[in-house]
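Colleague: Have a look at the structure that comes next, please.
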Amino acid sequence: MSTSEASQETQTTVSDQIARLHRATTPAQTQPRLDFAPYRSSVLRHPTRALWLADPEGAELVAPAFGHSDVDPLEADLTIQDGGEPIGERLIVTGRVLDGWGKPVRHQLVEIWQSNAAGRYVHKRDRHPAPLDPHFTGLGRCLTDDEGWYRFTTIKPGPYPWRNHHNAWRPAHIHFSVFGTEFTQRMVTQMYFAGDPLFAFDPIYQSITDEAARERLVAAYDHDLTQHEWATGYRWDIVLTGSHATPMERDHG
């Protein structure tokens, strides 16, 4: 389906397809479906043939290595910019990276990227007619500590339109990338905010047909983490494996 054809489809059409697929998927899936028709580009991007196995040792020979000397603690504060502070609601986002047994994943690289408060990315292909913020790049990274904790200071991203169908909008979200126990185990996911009215209309969020699994992508407001006259706080843990694993975006091939 072309971009122009998708732009003619209504939200009602897409929402009806989401509802039918949720009813037809038994049991409900706890990870995003690779082929989820309401998410139009997944039809073209999902694998249709058996995947080729790569040699992980060969990949590690050319992969970068990260350590404390390479990741500066200041990189975890996305509000520190030359010339001024970004516009928007300041947030503290923290949580733990855990394995399937609840044990901390220590000293692992966590990366985030996001839109600004107006829903605009610093990217040449982002044509959303919303203002860029000269004091916000939307990129950050850190290493987890001995207990698996990560922590970022940022601003709340805004929702933004996309071309999946007519009047399609993405809920506010922050992209996360984690690397498991090896650089070749990179996983990518998205963190959302509770109460977003766009959840029901978003094919990407709804491609996870299990409701409880979808809720694992939603950060919890934490008033004890919130700082007086400075920032609101959100807690969100990332579980890499097991029955309560955080839903991850898998390779579409």
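Chain identifiers are assigned as A, B, and so on, following the order in which chains appear in the structure tokens; residues are numbered from 1 within each chain, and ligands are numbered from 1 in order of appearance.
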Write out as a ChimeraX atom specification which residues come within 9 Å of Val110 (chain A) when counting only C-alpha atoms, dropping same-chain ones fewer than 2 positions away.
Modeller: /A:97,108,112,140-144,150,176-179
Colleague: If you count only C-alpha atoms, which residues fall within 9 Å of region 195-207 of chain A, apart from same-chain ones fewer than 2 positions away, as a ChimeraX atom specification?
Modeller: /A:11-12,14-15,18,21-22,29,31-40,159,164,168-172,192-193,209-211,214,217
Colleague: Selection from above, C-alpha atoms, as a tab-separated table (two decimals), in the first residue's frame, can you write it?
Modeller:
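Below is the file part-v4.tsv, written as the result:
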```
chain	number	residue	atom	x	y	z
A	11	GLN	CA	-9.00	5.93	11.83
A	12	THR	CA	-12.29	4.02	12.06
A	14	VAL	CA	-7.77	1.02	11.18
A	15	SER	CA	-9.39	0.71	14.62
A	18	ILE	CA	-7.10	-3.70	15.25
A	21	LEU	CA	-7.02	-8.95	14.98
A	22	HIS	CA	-7.15	-8.76	18.77
A	29	GLN	CA	0.70	-12.29	22.07
A	31	GLN	CA	5.45	-9.34	21.90
A	32	PRO	CA	4.67	-7.06	18.91
A	33	ARG	CA	3.34	-8.95	15.90
A	34	LEU	CA	5.76	-8.65	13.00
A	35	ASP	CA	2.93	-8.75	10.46
A	36	PHE	CA	0.19	-6.48	11.82
A	37	ALA	CA	-1.89	-5.11	8.94
A	38	PRO	CA	-3.11	-1.93	10.72
A	39	TYR	CA	0.58	-0.98	11.06
A	40	ARG	CA	0.91	-0.57	7.31
A	159	PRO	CA	2.68	13.29	20.25
A	164	ASN	CA	0.15	5.26	8.48
A	168	ALA	CA	-2.75	9.07	12.50
A	169	TRP	CA	-0.93	10.23	15.64
A	170	ARG	CA	1.66	8.47	17.78
A	171	PRO	CA	1.28	8.62	21.57
A	172	ALA	CA	4.06	10.40	23.47
A	192	TYR	CA	4.84	5.42	27.13
A	193	PHE	CA	3.02	7.60	29.66
A	209	THR	CA	-2.35	-8.11	21.46
A	210	ASP	CA	-1.93	-9.02	25.15
A	211	GLU	CA	-3.27	-6.15	27.28
A	214	ARG	CA	1.05	-3.54	26.56
A	217	LEU	CA	5.39	-0.42	28.27
```
Colleague: I need the residue nearest Arg127 (chain A) from this list: A:Trp162, A:Gln114, A:Tyr221, A:Gly148. Use only C-alpha atoms for the distance.
Modeller: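 Going through A:Trp162, A:Gln114, A:Tyr221, A:Gly148 one by one, the smallest distance to Arg127 (chain A) is for A:Trp162.
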Colleague: If you run DSSP on this backbone, which residues of region 27-214 of chain A come out as alpha helix (DSSP H), and could you give them as a list in words?
Modeller: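 Output for region 27-214 of chain A, alpha helix (DSSP H) only: Arg40, Ser41, Ser42, Val43, Leu44, Arg45, Pro56, Glu57, Gly58, Ala59, Glu60, Leu61, Val62, Pro203, Ile204, Tyr205, Gln206, Glu211, Ala212, Ala213 and Arg214 of chain A.
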Colleague: May I have the residues from that selection written out with N, CA and C atoms, as an mmCIF file, in the first residue's frame?
Modeller:
```cif
data_model
loop_
_atom_site.group_PDB
_atom_site.id
_atom_site.type_symbol
_atom_site.label_atom_id
_atom_site.label_comp_id
_atom_site.auth_asym_id
_atom_site.auth_seq_id
_atom_site.Cartn_x
_atom_site.Cartn_y
_atom_site.Cartn_z
ATOM 1 N N ARG A 40 0.802 -0.314 8.738
ATOM 2 C CA ARG A 40 0.907 -0.568 7.309
ATOM 3 C C ARG A 40 2.295 -1.013 6.860
ATOM 4 N N SER A 41 3.350 -0.388 7.353
ATOM 5 C CA SER A 41 4.676 -0.730 6.854
ATOM 6 C C SER A 41 5.143 -2.104 7.328
ATOM 7 N N SER A 42 4.500 -2.670 8.359
ATOM 8 C CA SER A 42 4.906 -4.002 8.807
ATOM 9 C C SER A 42 4.593 -5.053 7.754
ATOM 10 N N VAL A 43 3.596 -4.789 6.901
ATOM 11 C CA VAL A 43 3.245 -5.739 5.850
ATOM 12 C C VAL A 43 4.413 -5.921 4.885
ATOM 13 N N LEU A 44 5.150 -4.852 4.636
ATOM 14 C CA LEU A 44 6.275 -4.906 3.715
ATOM 15 C C LEU A 44 7.584 -5.244 4.409
ATOM 16 N N ARG A 45 7.686 -5.008 5.713
ATOM 17 C CA ARG A 45 8.970 -5.119 6.403
ATOM 18 C C ARG A 45 9.162 -6.427 7.148
ATOM 19 N N PRO A 56 28.132 -14.630 15.839
ATOM 20 C CA PRO A 56 28.248 -13.546 16.827
ATOM 21 C C PRO A 56 29.693 -13.193 17.143
ATOM 22 N N GLU A 57 30.588 -14.168 17.122
ATOM 23 C CA GLU A 57 31.986 -13.870 17.428
ATOM 24 C C GLU A 57 32.597 -12.984 16.353
ATOM 25 N N GLY A 58 32.248 -13.221 15.112
ATOM 26 C CA GLY A 58 32.753 -12.373 14.037
ATOM 27 C C GLY A 58 32.244 -10.954 14.146
ATOM 28 N N ALA A 59 30.967 -10.804 14.545
ATOM 29 C CA ALA A 59 30.401 -9.464 14.700
ATOM 30 C C ALA A 59 31.078 -8.713 15.829
ATOM 31 N N GLU A 60 31.429 -9.426 16.907
ATOM 32 C CA GLU A 60 32.036 -8.758 18.054
ATOM 33 C C GLU A 60 33.436 -8.239 17.753
ATOM 34 N N LEU A 61 34.090 -8.794 16.729
ATOM 35 C CA LEU A 61 35.437 -8.340 16.395
ATOM 36 C C LEU A 61 35.438 -6.907 15.863
ATOM 37 N N VAL A 62 34.327 -6.494 15.258
ATOM 38 C CA VAL A 62 34.270 -5.150 14.675
ATOM 39 C C VAL A 62 33.311 -4.236 15.442
ATOM 40 N N PRO A 203 -1.589 1.784 15.987
ATOM 41 C CA PRO A 203 -1.338 0.404 15.570
ATOM 42 C C PRO A 203 -0.035 -0.168 16.107
ATOM 43 N N ILE A 204 0.974 0.665 16.359
ATOM 44 C CA ILE A 204 2.235 0.141 16.875
ATOM 45 C C ILE A 204 2.041 -0.361 18.307
ATOM 46 N N TYR A 205 1.438 0.444 19.151
ATOM 47 C CA TYR A 205 1.155 0.021 20.527
ATOM 48 C C TYR A 205 0.212 -1.181 20.531
ATOM 49 N N GLN A 206 -0.800 -1.162 19.664
ATOM 50 C CA GLN A 206 -1.801 -2.218 19.639
ATOM 51 C C GLN A 206 -1.330 -3.482 18.933
ATOM 52 N N GLU A 211 -3.100 -7.432 26.585
ATOM 53 C CA GLU A 211 -3.274 -6.151 27.278
ATOM 54 C C GLU A 211 -2.270 -5.960 28.402
ATOM 55 N N ALA A 212 -2.015 -7.016 29.179
ATOM 56 C CA ALA A 212 -1.075 -6.900 30.286
ATOM 57 C C ALA A 212 0.330 -6.603 29.780
ATOM 58 N N ALA A 213 0.701 -7.183 28.640
ATOM 59 C CA ALA A 213 2.022 -6.913 28.062
ATOM 60 C C ALA A 213 2.117 -5.476 27.578
ATOM 61 N N ARG A 214 1.042 -4.953 26.985
ATOM 62 C CA ARG A 214 1.047 -3.545 26.565
ATOM 63 C C ARG A 214 1.269 -2.628 27.756
#
```
Colleague: If you run DSSP over the backbone, which residues in region 63-210 of chain A end up strand (DSSP E)? Put them as a ChimeraX atom specification.
Modeller: /A:90-98,109-113,139-143,149-155,160-162,168-170,173-178,187-193
Colleague: Counting only C-alpha atoms, which residue out of A:Asp77, A:Asp70, A:Arg216, A:Leu139 sits closest to Ser243 (chain A)?
Modeller: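 Closest to Ser243 (chain A) of all the choices is A:Arg216.
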Colleague: Using only C-alpha atoms, determine which residues lie at most 12 Å from region 82-91 of chain A, disregarding the query and same-chain residues fewer than 4 positions distant; provide the list as a PyMOL selection string.
Modeller: chain A and resi 76-78+115-119+131-138+151-158+174+193+219+221-223+225-235
Colleague: Distance CA of Val239 (chain A)-CA of Gln190 (chain A), one decimal place?
Modeller: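 Between these atoms lies a distance of 12.8 Å.
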Colleague: Using only C-alpha atoms, find the one residue out of A:Leu109, A:Arg186, A:Ala220, A:Arg49 that sits nearest to Ile92 (chain A).
Modeller: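 Among the listed residues, A:Ala220 lies closest to Ile92 (chain A).
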Colleague: Select, from A:Glu75, A:Thr246, A:Ile208, A:Pro161, the residue with the minimum atom-to-atom distance to Ala19 (chain A), counting only C-alpha atoms.
Modeller: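 Under the stated criterion, the closest residue is A:Ile208.
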Colleague: Please, what distance in Å, to one decimal, runs between CA of Asp146 (chain A) and CA of Pro73 (chain A)?
Modeller: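 Between these atoms lies a distance of 15.1 Å.
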